[in-house]
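To start, the structure itself, in structure tokens.
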Amino acid sequence: MIFTVVVHASPCQNAAPESALRYCKALLSAGHTLHRVFFYRDGVFNGNQLISSPPDELNIMRAWQELAEEHSIDLVICIAAAIRRGVLDATEATRYERDQTNLAEKFNLSGLGQLVEACILSDRVITFGGQG
Amino acid sequence: MIFTVVVHASPCQNAAPESALRYCKALLSAGHTLHRVFFYRDGVFNGNQLISSPPDELNIMRAWQELAEEHSIDLVICIAAAIRRGVLDATEATRYERDQTNLAEKFNLSGLGQLVEACILSDRVITFGGQG
Amino acid sequence: MTTLHTLNQAPSNVNLMQSCVGSLQPDDTLLLIEDGVYWLLNTHRAKLPAALKIKALRLDAQARGLTPLVSEVDLIEMDEFINLSVLHNKIVSWF
Amino acid sequence: MTTLHTLNQAPSNVNLMQSCVGSLQPDDTLLLIEDGVYWLLNTHRAKLPAALKIKALRLDAQARGLTPLVSEVDLIEMDEFINLSVLHNKIVSWF
Amino acid sequence: MNSPKNILLMSRRAPYGSSAARDLLDIALTCSVFEQNVALLLLDDGVLQLLANQDPQVIQQKNLNSLQSSLSLYDIEKIYIDADALEHHGLSHSELHIPVTLLTKIEISQLIANSDIVLTV
Amino acid sequence: MNSPKNILLMSRRAPYGSSAARDLLDIALTCSVFEQNVALLLLDDGVLQLLANQDPQVIQQKNLNSLQSSLSLYDIEKIYIDADALEHHGLSHSELHIPVTLLTKIEISQLIANSDIVLTV
């Protein structure tokens, strides 16, 4: 089956991203297809390249990257949510006249259309969110 | 009177930072002293220099900077919370081997001791937080 | 010593309000801010102790379309929020 | 069409559970995840409809110290979460 | 080309305290652009999103009332609210600023059952 | 040098679902380093922070039980919990892994009244 996983919450303050990651790994282990992970609202912070966890803690950004690497997963961050929150790739940094970027590799900024397209093409869509 | 304002929530997804900002402005207008604004938990995202709001929306990071500029306010971001969430100044970027930074000017990374010291030195401490 | 309590969550968070109200002393004040202002709606307000001193931020009530539905005397401006902060000995935030 | 419902908030969020339970059809399943696993505690579980099919993620229950306090048959592994996702026609997340 | 799916967007959050109400509308408009059958379902504090007379300029937020009014321009006509929630807040139909359909709990469970995808905000 | 303040740290959140429980402990230890009189007050779902037998390694989190056990090493002895909340969850004193003082609602209101500063996490 084709799955899409949606993440609404920031890491650190919320267990939802880690639940989402475990869910993705489990569905891949079961032989299903993960069409896309879509990060919306404070979920965009999952793709902040500057996250620097202590060595004995999970770095969720790196964990998503490893998942994408191993299984060629499409990690899409909602561009409108990301810009407002300050998660920028080089293109957006130029557009907004910033000289730094912080979007982690393997993540891509794109529109909400990628969420709706994923809903159309997937058999199952599951959202991991928190309060707020 | 001497006030300290504590902010626990990320902007965009939460009204708390904007409430905190209005509170700071009101107490300064009333002639009180604002000893410090301390950003903890997801509140550290208030100091993300890359926040890029559309022109017709409030950019809370800029608004904090303007407040600091006008009234010489001490804007302190909890360093442990910031590193985990990826809000880094040049020193921390070097320490964690990142080639980019995103801490906005006027904000400083420091320890939780700055929160407790503010509690000791202030007549009133108020927290603006959200769920999570 | 008296306390100013702020509460910023909407009425579906019943437990939050119960804990807050249970922690109040007679001379304390409860200030509703952000989504907390919806507690001013008659049906919710009726569930709170009658003797409780309740205020709400006008800005937050006005933003949410509540001004036609609630009592004008309960609404305060930001400068009064600061006054209440000074008049009470401390501030407790419920969120 | 059947639905798998997930719920991830602790029992103080009573309204969330009420809305969730009210939205269930007879063949639906409720899966408790993250802080939602505390609903397995006897006193909370007793408030939920007896006919309701309830499961909880073992990882989340174990992390929180719940395994000695709850019924073993209610706990499932991650692979069973995926099975339930496949067996139901859709997933609704309550948070 | 796939046939349109029935996508249900569900929210139980009050407006302005979080961005949920606005994010819900953004998803709804995008679903409409992709020509999906989209419906909105507001539960609990979510019904407060539709209160009339909102004036959020005073807290430097965009007015959701105007965005909500534009839903019909995008052919988004299915706006459902939990009748119990409206009553719980002591509100009536007339205090909301756009037409909605009130649902009982059973009707809500049927609406969910008949949807292909449910997204929560 | 100022005399120590009575700082009350209050939380009503369950552990692990959010970082609140851990952040509370971090503030408590810092208060102790600054030689303030610190007390912890756990309400609602916050009492669940103290459940014994936590094993969060399975979700890659640090064990709060060990951190909580170290509180007494920092002379943090005043750990108060809402007796009603404990009962609400159907739990008893014996299911918590460190000694605590159960308070009634009136005692809680007095504890807050007698504190100089209250921080919520």
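Every chain in the structure tokens takes a letter, A first, then B, and so on in the order presented; its residues are numbered from 1, and the ligands are numbered from 1 following the presented order.
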* Gly113 of chain B: which residues within 12 Å, counting only C-alpha atoms, same-chain residues fewer than 4 positions away excluded, as JSON, numbers by chain? -> {"B": [38, 40, 76, 77, 78, 79, 80, 109, 117, 118, 119, 120], "F": [26, 27, 28, 29, 30, 31, 32, 33, 34, 35, 36]}
Can you move chain F onto chain E by a least-squares fit over all C-alpha atoms paired in order, then give me the moved copy as a short mmCIF file (atom, residue, chain, number, x, y, z; two decimals) with C-alpha atoms, in the first residue's frame?
```cif
data_model
loop_
_atom_site.label_atom_id
_atom_site.label_comp_id
_atom_site.auth_asym_id
_atom_site.auth_seq_id
_atom_site.Cartn_x
_atom_site.Cartn_y
_atom_site.Cartn_z
CA MET F 1 -6.57 10.91 -13.90
CA ASN F 2 -7.86 9.81 -10.51
CA SER F 3 -11.45 10.56 -9.62
CA PRO F 4 -11.81 13.20 -6.90
CA LYS F 5 -11.49 12.03 -3.32
CA ASN F 6 -13.71 13.03 -0.45
CA ILE F 7 -11.33 14.89 1.82
CA LEU F 8 -12.57 15.92 5.24
CA LEU F 9 -10.71 18.67 7.10
CA MET F 10 -11.37 18.61 10.81
CA SER F 11 -10.49 21.09 13.55
CA ARG F 12 -11.38 21.53 17.18
CA ARG F 13 -9.23 24.60 17.90
CA ALA F 14 -10.32 28.16 18.58
CA PRO F 15 -9.00 30.78 16.15
CA TYR F 16 -6.06 33.17 16.78
CA GLY F 17 -4.75 31.36 19.88
CA SER F 18 -3.11 29.06 17.37
CA SER F 19 -2.80 29.13 13.60
CA ALA F 20 -5.01 26.04 13.22
CA ALA F 21 -8.06 27.88 11.87
CA ARG F 22 -6.06 29.64 9.22
CA ASP F 23 -4.03 26.55 8.26
CA LEU F 24 -7.31 24.68 7.85
CA LEU F 25 -8.49 27.26 5.32
CA ASP F 26 -5.20 27.10 3.43
CA ILE F 27 -5.55 23.35 3.05
CA ALA F 28 -9.20 23.71 2.02
CA LEU F 29 -8.38 26.17 -0.76
CA THR F 30 -5.58 23.94 -2.00
CA CYS F 31 -7.92 20.93 -2.09
CA SER F 32 -10.29 23.01 -4.16
CA VAL F 33 -7.53 23.97 -6.61
CA PHE F 34 -6.84 20.25 -7.05
CA GLU F 35 -10.56 19.71 -7.67
CA GLN F 36 -11.10 17.39 -4.73
CA ASN F 37 -14.39 17.14 -2.85
CA VAL F 38 -13.52 18.96 0.31
CA ALA F 39 -15.63 19.34 3.44
CA LEU F 40 -14.86 21.17 6.70
CA LEU F 41 -15.87 19.79 10.07
CA LEU F 42 -15.58 21.99 13.17
CA LEU F 43 -15.84 20.41 16.61
CA ASP F 44 -15.43 21.63 20.20
CA ASP F 45 -13.70 25.03 20.26
CA GLY F 46 -13.45 24.84 16.48
CA VAL F 47 -16.98 26.20 16.09
CA LEU F 48 -15.66 29.48 17.51
CA GLN F 49 -13.72 29.94 14.27
CA LEU F 50 -16.99 31.01 12.63
CA LEU F 51 -18.13 33.64 15.14
CA ALA F 52 -19.15 36.86 13.42
CA ASN F 53 -17.66 40.31 14.19
CA GLN F 54 -14.06 39.19 14.42
CA ASP F 55 -11.64 42.12 14.45
CA PRO F 56 -8.16 40.62 14.72
CA GLN F 57 -6.38 43.65 13.29
CA VAL F 58 -6.10 44.78 16.91
CA ILE F 59 -3.77 41.84 17.56
CA GLN F 60 -2.11 42.18 14.16
CA GLN F 61 -3.67 39.05 12.69
CA LYS F 62 -5.51 38.58 9.41
CA ASN F 63 -9.28 38.41 9.58
CA LEU F 64 -10.44 34.82 9.23
CA ASN F 65 -14.00 35.97 8.56
CA SER F 66 -12.98 37.34 5.18
CA LEU F 67 -11.12 34.16 4.28
CA GLN F 68 -14.10 32.06 5.36
CA SER F 69 -16.46 34.19 3.28
CA SER F 70 -14.37 33.41 0.21
CA LEU F 71 -14.81 29.65 0.61
CA SER F 72 -17.97 29.62 -1.50
CA LEU F 73 -16.04 31.30 -4.35
CA TYR F 74 -13.89 28.18 -4.39
CA ASP F 75 -16.99 25.94 -4.41
CA ILE F 76 -16.33 24.89 -0.83
CA GLU F 77 -19.92 24.68 0.40
CA LYS F 78 -19.79 21.75 2.81
CA ILE F 79 -19.11 23.34 6.17
CA TYR F 80 -20.28 21.15 9.01
CA ILE F 81 -20.27 21.91 12.68
CA ASP F 82 -21.00 19.85 15.74
CA ALA F 83 -24.43 20.99 16.97
CA ASP F 84 -23.54 19.94 20.53
CA ALA F 85 -20.43 22.10 20.48
CA LEU F 86 -22.39 25.15 19.38
CA GLU F 87 -24.85 24.56 22.19
CA HIS F 88 -22.01 23.93 24.64
CA HIS F 89 -20.75 27.46 23.96
CA GLY F 90 -24.27 28.84 24.31
CA LEU F 91 -24.25 30.00 20.70
CA SER F 92 -26.78 29.72 17.93
CA HIS F 93 -26.63 29.54 14.17
CA SER F 94 -27.35 33.26 13.94
CA GLU F 95 -24.10 34.22 15.68
CA LEU F 96 -22.02 32.57 12.97
CA HIS F 97 -21.19 34.62 9.91
CA ILE F 98 -21.48 32.01 7.16
CA PRO F 99 -24.09 29.31 6.52
CA VAL F 100 -23.22 25.96 8.05
CA THR F 101 -24.83 22.56 8.48
CA LEU F 102 -25.32 21.41 12.06
CA LEU F 103 -24.60 17.72 12.64
CA THR F 104 -25.44 15.34 15.44
CA LYS F 105 -22.73 13.01 16.81
CA ILE F 106 -24.14 10.16 14.71
CA GLU F 107 -24.09 12.27 11.57
CA ILE F 108 -20.50 13.23 12.36
CA SER F 109 -19.50 9.59 12.65
CA GLN F 110 -21.19 8.92 9.29
CA LEU F 111 -19.46 11.89 7.67
CA ILE F 112 -16.10 10.55 8.81
CA ALA F 113 -17.03 7.03 7.68
CA ASN F 114 -17.94 8.27 4.21
CA SER F 115 -14.76 10.31 3.70
CA ASP F 116 -11.74 8.92 1.87
CA ILE F 117 -9.18 10.97 3.77
CA VAL F 118 -9.47 12.90 7.02
CA LEU F 119 -6.89 15.57 7.87
CA THR F 120 -6.81 17.11 11.35
CA VAL F 121 -5.60 20.64 11.99
#
```
Could you fit chain D onto chain C with a least-squares superposition over all C-alpha atoms, matched one to one in order, and give me the transformed chain as an mmCIF file with C-alpha atoms, in the first residue's frame?
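Now in superposed22.cif:
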```
data_model
loop_
_atom_site.group_PDB
_atom_site.id
_atom_site.type_symbol
_atom_site.label_atom_id
_atom_site.label_comp_id
_atom_site.auth_asym_id
_atom_site.auth_seq_id
_atom_site.Cartn_x
_atom_site.Cartn_y
_atom_site.Cartn_z
ATOM 1 C CA MET D 1 -0.049 37.889 49.420
ATOM 2 C CA THR D 2 -2.394 38.110 46.449
ATOM 3 C CA THR D 3 -1.951 36.559 43.039
ATOM 4 C CA LEU D 4 -2.902 37.547 39.512
ATOM 5 C CA HIS D 5 -3.731 34.403 37.531
ATOM 6 C CA THR D 6 -3.716 34.457 33.737
ATOM 7 C CA LEU D 7 -5.378 31.729 31.672
ATOM 8 C CA ASN D 8 -5.064 31.508 27.895
ATOM 9 C CA GLN D 9 -6.854 28.343 26.753
ATOM 10 C CA ALA D 10 -10.357 27.959 25.303
ATOM 11 C CA PRO D 11 -13.213 26.302 27.227
ATOM 12 C CA SER D 12 -12.638 22.767 25.932
ATOM 13 C CA ASN D 13 -9.712 22.721 28.333
ATOM 14 C CA VAL D 14 -11.985 22.235 31.338
ATOM 15 C CA ASN D 15 -9.343 20.692 33.585
ATOM 16 C CA LEU D 16 -7.069 23.680 33.200
ATOM 17 C CA MET D 17 -9.779 26.029 34.435
ATOM 18 C CA GLN D 18 -10.696 23.664 37.271
ATOM 19 C CA SER D 19 -7.112 23.569 38.485
ATOM 20 C CA CYS D 20 -6.841 27.319 38.189
ATOM 21 C CA VAL D 21 -10.080 28.076 40.023
ATOM 22 C CA GLY D 22 -9.223 25.557 42.717
ATOM 23 C CA SER D 23 -5.944 27.374 43.349
ATOM 24 C CA LEU D 24 -7.415 30.841 43.834
ATOM 25 C CA GLN D 25 -7.530 32.686 47.136
ATOM 26 C CA PRO D 26 -10.330 35.168 47.879
ATOM 27 C CA ASP D 27 -8.306 38.275 46.979
ATOM 28 C CA ASP D 28 -6.861 36.853 43.770
ATOM 29 C CA THR D 29 -7.863 37.982 40.279
ATOM 30 C CA LEU D 30 -8.297 35.814 37.190
ATOM 31 C CA LEU D 31 -7.361 37.484 33.921
ATOM 32 C CA LEU D 32 -8.455 35.743 30.721
ATOM 33 C CA ILE D 33 -6.114 36.267 27.784
ATOM 34 C CA GLU D 34 -5.823 34.909 24.219
ATOM 35 C CA ASP D 35 -8.262 31.994 23.735
ATOM 36 C CA GLY D 36 -9.048 32.173 27.454
ATOM 37 C CA VAL D 37 -11.414 35.082 26.705
ATOM 38 C CA TYR D 38 -14.065 32.610 25.463
ATOM 39 C CA TRP D 39 -14.707 31.761 29.115
ATOM 40 C CA LEU D 40 -16.588 35.079 29.225
ATOM 41 C CA LEU D 41 -19.417 33.550 27.182
ATOM 42 C CA ASN D 42 -22.423 33.320 29.497
ATOM 43 C CA THR D 43 -22.695 29.563 29.441
ATOM 44 C CA HIS D 44 -19.067 29.107 30.479
ATOM 45 C CA ARG D 45 -18.907 31.978 32.892
ATOM 46 C CA ALA D 46 -21.930 30.591 34.722
ATOM 47 C CA LYS D 47 -19.838 27.557 35.670
ATOM 48 C CA LEU D 48 -17.250 29.683 37.486
ATOM 49 C CA PRO D 49 -17.665 30.737 41.131
ATOM 50 C CA ALA D 50 -19.820 33.856 41.348
ATOM 51 C CA ALA D 51 -17.484 35.571 43.831
ATOM 52 C CA LEU D 52 -14.485 35.218 41.522
ATOM 53 C CA LYS D 53 -12.908 38.447 40.283
ATOM 54 C CA ILE D 54 -12.644 37.927 36.508
ATOM 55 C CA LYS D 55 -11.295 40.228 33.851
ATOM 56 C CA ALA D 56 -10.431 39.667 30.196
ATOM 57 C CA LEU D 57 -8.182 41.466 27.742
ATOM 58 C CA ARG D 58 -10.281 43.609 25.429
ATOM 59 C CA LEU D 59 -7.874 43.189 22.503
ATOM 60 C CA ASP D 60 -8.210 39.425 22.579
ATOM 61 C CA ALA D 61 -11.992 39.527 23.007
ATOM 62 C CA GLN D 62 -12.412 42.039 20.186
ATOM 63 C CA ALA D 63 -10.189 40.022 17.847
ATOM 64 C CA ARG D 64 -12.377 36.958 18.368
ATOM 65 C CA GLY D 65 -15.730 38.653 17.820
ATOM 66 C CA LEU D 66 -16.735 38.484 21.477
ATOM 67 C CA THR D 67 -17.409 42.140 22.263
ATOM 68 C CA PRO D 68 -21.115 41.990 21.253
ATOM 69 C CA LEU D 69 -21.610 38.858 23.361
ATOM 70 C CA VAL D 70 -19.988 39.685 26.669
ATOM 71 C CA SER D 71 -20.259 42.220 29.442
ATOM 72 C CA GLU D 72 -18.334 45.448 28.834
ATOM 73 C CA VAL D 73 -17.297 45.826 32.470
ATOM 74 C CA ASP D 74 -15.211 42.660 32.324
ATOM 75 C CA LEU D 75 -12.909 43.954 29.589
ATOM 76 C CA ILE D 76 -9.627 45.687 30.364
ATOM 77 C CA GLU D 77 -6.858 47.331 28.350
ATOM 78 C CA MET D 78 -3.177 46.403 28.376
ATOM 79 C CA ASP D 79 -2.305 49.194 30.835
ATOM 80 C CA GLU D 80 -4.753 47.716 33.313
ATOM 81 C CA PHE D 81 -3.055 44.305 32.844
ATOM 82 C CA ILE D 82 0.134 46.000 34.039
ATOM 83 C CA ASN D 83 -1.725 47.655 36.928
ATOM 84 C CA LEU D 84 -3.084 44.303 38.032
ATOM 85 C CA SER D 85 0.420 42.833 37.781
ATOM 86 C CA VAL D 86 1.659 45.514 40.152
ATOM 87 C CA LEU D 87 -1.308 45.400 42.540
ATOM 88 C CA HIS D 88 -0.964 41.654 43.103
ATOM 89 C CA ASN D 89 2.182 40.221 44.631
ATOM 90 C CA LYS D 90 2.827 37.698 41.907
ATOM 91 C CA ILE D 91 1.558 36.293 38.635
ATOM 92 C CA VAL D 92 0.694 32.663 37.888
ATOM 93 C CA SER D 93 0.185 31.641 34.262
ATOM 94 C CA TRP D 94 -2.188 28.815 33.382
ATOM 95 C CA PHE D 95 -1.651 27.386 29.880
#
```
With a cut-off of 6 Å, could you pull out the residues of chain B touching chain A and give me the nearest pair of atoms for each, distance in Å to one decimal, using only C-alpha atoms, ordered by chain and ascending number, as CSV?
```
residue,atom,partner,partner_atom,distance
B:Leu50,CA,A:Gly86,CA,4.2
B:Ile51,CA,A:Gly86,CA,3.6
B:Ser52,CA,A:Arg84,CA,5.1
B:Ser53,CA,A:Arg84,CA,4.8
B:Ile83,CA,A:Ser52,CA,5.4
B:Arg84,CA,A:Ser53,CA,4.9
B:Arg85,CA,A:Ile51,CA,5.0
B:Gly86,CA,A:Ile51,CA,3.6
B:Gln100,CA,A:Gln100,CA,5.9
B:Gln131,CA,A:Gln131,CA,5.6
B:Gly132,CA,A:Gln131,CA,5.9
```
Taking N, CA and C atoms for each residue, export the selection above as a compact mmCIF listing (two decimals), in the first residue's frame.
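Dumped everything to selection-v9.txt:
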```txt
# COMPACT_ATOMS: atom_id res chain seq x y z
N LEU B 50 16.13 33.96 10.57
CA LEU B 50 15.65 33.66 9.23
C LEU B 50 14.13 33.79 9.07
N ILE B 51 13.42 34.07 10.17
CA ILE B 51 11.98 34.29 10.06
C ILE B 51 11.72 35.38 9.03
N SER B 52 10.85 35.08 8.05
CA SER B 52 10.60 36.01 6.95
C SER B 52 9.10 36.12 6.73
N SER B 53 8.47 37.01 7.47
CA SER B 53 7.02 37.14 7.36
C SER B 53 6.65 37.93 6.12
N ILE B 83 20.18 25.03 21.22
CA ILE B 83 21.06 24.11 20.48
C ILE B 83 20.26 22.90 20.01
N ARG B 84 19.45 22.33 20.91
CA ARG B 84 18.62 21.18 20.52
C ARG B 84 17.68 21.50 19.36
N ARG B 85 17.22 22.76 19.33
CA ARG B 85 16.24 23.14 18.31
C ARG B 85 16.88 23.77 17.08
N GLY B 86 18.19 24.01 17.17
CA GLY B 86 18.88 24.56 16.00
C GLY B 86 18.76 26.06 15.87
N GLN B 100 26.66 27.58 9.15
CA GLN B 100 25.68 28.65 9.09
C GLN B 100 25.26 29.00 10.51
N GLN B 131 0.13 25.27 24.93
CA GLN B 131 0.10 23.84 25.12
C GLN B 131 1.39 23.23 24.59
N GLY B 132 1.78 22.09 25.13
CA GLY B 132 2.96 21.39 24.58
C GLY B 132 4.18 21.54 25.47
```
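Atom CA of Asp74 of chain A lies 11.6 Å from atom CA of Leu115 of chain A.
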* Filtered DSSP result for chain E, state strand (DSSP E), as an MDAnalysis selection string -> chainID E and resid 6:11 37:42 78:82 101:103 117:120
May I have the selected residues written with N, CA and C atoms, as a PDB file, in the first residue's frame?
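The result, written out as selection28.pdb:
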```
ATOM      1  N   ASN E   6     -12.999  12.284  -1.481  1.00  0.00           N
ATOM      2  CA  ASN E   6     -13.715  13.040  -0.456  1.00  0.00           C
ATOM      3  C   ASN E   6     -12.760  13.300   0.696  1.00  0.00           C
ATOM      4  N   ILE E   7     -12.285  14.528   0.782  1.00  0.00           N
ATOM      5  CA  ILE E   7     -11.324  14.893   1.815  1.00  0.00           C
ATOM      6  C   ILE E   7     -12.038  15.714   2.895  1.00  0.00           C
ATOM      7  N   LEU E   8     -11.939  15.232   4.119  1.00  0.00           N
ATOM      8  CA  LEU E   8     -12.574  15.927   5.242  1.00  0.00           C
ATOM      9  C   LEU E   8     -11.494  16.613   6.071  1.00  0.00           C
ATOM     10  N   LEU E   9     -11.651  17.916   6.278  1.00  0.00           N
ATOM     11  CA  LEU E   9     -10.710  18.679   7.095  1.00  0.00           C
ATOM     12  C   LEU E   9     -11.369  18.988   8.425  1.00  0.00           C
ATOM     13  N   MET E  10     -10.737  18.576   9.506  1.00  0.00           N
ATOM     14  CA  MET E  10     -11.375  18.600  10.817  1.00  0.00           C
ATOM     15  C   MET E  10     -10.555  19.465  11.779  1.00  0.00           C
ATOM     16  N   SER E  11     -11.218  20.309  12.551  1.00  0.00           N
ATOM     17  CA  SER E  11     -10.493  21.096  13.547  1.00  0.00           C
ATOM     18  C   SER E  11     -11.337  21.310  14.786  1.00  0.00           C
ATOM     19  N   ASN E  37     -13.169  16.826  -3.608  1.00  0.00           N
ATOM     20  CA  ASN E  37     -14.393  17.138  -2.861  1.00  0.00           C
ATOM     21  C   ASN E  37     -14.025  17.383  -1.413  1.00  0.00           C
ATOM     22  N   VAL E  38     -14.002  18.641  -1.025  1.00  0.00           N
ATOM     23  CA  VAL E  38     -13.526  18.956   0.307  1.00  0.00           C
ATOM     24  C   VAL E  38     -14.689  19.388   1.196  1.00  0.00           C
ATOM     25  N   ALA E  39     -14.643  18.935   2.455  1.00  0.00           N
ATOM     26  CA  ALA E  39     -15.633  19.348   3.446  1.00  0.00           C
ATOM     27  C   ALA E  39     -14.892  19.758   4.717  1.00  0.00           C
ATOM     28  N   LEU E  40     -15.454  20.722   5.424  1.00  0.00           N
ATOM     29  CA  LEU E  40     -14.876  21.173   6.694  1.00  0.00           C
ATOM     30  C   LEU E  40     -15.762  20.703   7.844  1.00  0.00           C
ATOM     31  N   LEU E  41     -15.118  20.231   8.895  1.00  0.00           N
ATOM     32  CA  LEU E  41     -15.864  19.803  10.080  1.00  0.00           C
ATOM     33  C   LEU E  41     -15.256  20.470  11.304  1.00  0.00           C
ATOM     34  N   LEU E  42     -16.065  21.278  11.986  1.00  0.00           N
ATOM     35  CA  LEU E  42     -15.587  21.997  13.173  1.00  0.00           C
ATOM     36  C   LEU E  42     -16.233  21.436  14.429  1.00  0.00           C
ATOM     37  N   LYS E  78     -19.477  22.705   1.730  1.00  0.00           N
ATOM     38  CA  LYS E  78     -19.794  21.752   2.797  1.00  0.00           C
ATOM     39  C   LYS E  78     -19.053  22.121   4.077  1.00  0.00           C
ATOM     40  N   ILE E  79     -19.715  22.931   4.897  1.00  0.00           N
ATOM     41  CA  ILE E  79     -19.122  23.343   6.162  1.00  0.00           C
ATOM     42  C   ILE E  79     -20.022  22.820   7.271  1.00  0.00           C
ATOM     43  N   TYR E  80     -19.494  21.840   7.987  1.00  0.00           N
ATOM     44  CA  TYR E  80     -20.282  21.158   9.003  1.00  0.00           C
ATOM     45  C   TYR E  80     -19.797  21.540  10.385  1.00  0.00           C
ATOM     46  N   ILE E  81     -20.714  21.706  11.319  1.00  0.00           N
ATOM     47  CA  ILE E  81     -20.275  21.912  12.691  1.00  0.00           C
ATOM     48  C   ILE E  81     -21.064  21.006  13.630  1.00  0.00           C
ATOM     49  N   ASP E  82     -20.413  20.689  14.716  1.00  0.00           N
ATOM     50  CA  ASP E  82     -21.007  19.842  15.740  1.00  0.00           C
ATOM     51  C   ASP E  82     -22.069  20.658  16.486  1.00  0.00           C
ATOM     52  N   THR E 101     -23.920  23.663   8.200  1.00  0.00           N
ATOM     53  CA  THR E 101     -24.842  22.567   8.474  1.00  0.00           C
ATOM     54  C   THR E 101     -24.519  22.002   9.848  1.00  0.00           C
ATOM     55  N   LEU E 102     -25.522  21.962  10.722  1.00  0.00           N
ATOM     56  CA  LEU E 102     -25.322  21.397  12.061  1.00  0.00           C
ATOM     57  C   LEU E 102     -25.470  19.884  12.004  1.00  0.00           C
ATOM     58  N   LEU E 103     -24.558  19.179  12.643  1.00  0.00           N
ATOM     59  CA  LEU E 103     -24.601  17.717  12.644  1.00  0.00           C
ATOM     60  C   LEU E 103     -24.721  17.171  14.063  1.00  0.00           C
ATOM     61  N   ILE E 117     -10.346  10.516   3.024  1.00  0.00           N
ATOM     62  CA  ILE E 117      -9.175  10.983   3.765  1.00  0.00           C
ATOM     63  C   ILE E 117      -9.673  11.987   4.795  1.00  0.00           C
ATOM     64  N   VAL E 118      -9.138  11.905   6.001  1.00  0.00           N
ATOM     65  CA  VAL E 118      -9.458  12.911   7.021  1.00  0.00           C
ATOM     66  C   VAL E 118      -8.156  13.545   7.489  1.00  0.00           C
ATOM     67  N   LEU E 119      -8.066  14.860   7.368  1.00  0.00           N
ATOM     68  CA  LEU E 119      -6.893  15.579   7.867  1.00  0.00           C
ATOM     69  C   LEU E 119      -7.308  16.422   9.070  1.00  0.00           C
ATOM     70  N   THR E 120      -6.525  16.338  10.132  1.00  0.00           N
ATOM     71  CA  THR E 120      -6.808  17.106  11.343  1.00  0.00           C
ATOM     72  C   THR E 120      -5.888  18.324  11.394  1.00  0.00           C
TER      73      THR E 120
END
```
* To do: as a list of chain:residue names, list the residues of segment 78-110 of chain F assigned to alpha helix (DSSP H) by DSSP on the backbone atoms of this structure.
  => F:Ala83, F:Asp84, F:Ala85, F:Leu86, F:Glu87, F:His88, F:Lys105, F:Ile106, F:Glu107, F:Ile108, F:Ser109, F:Gln110
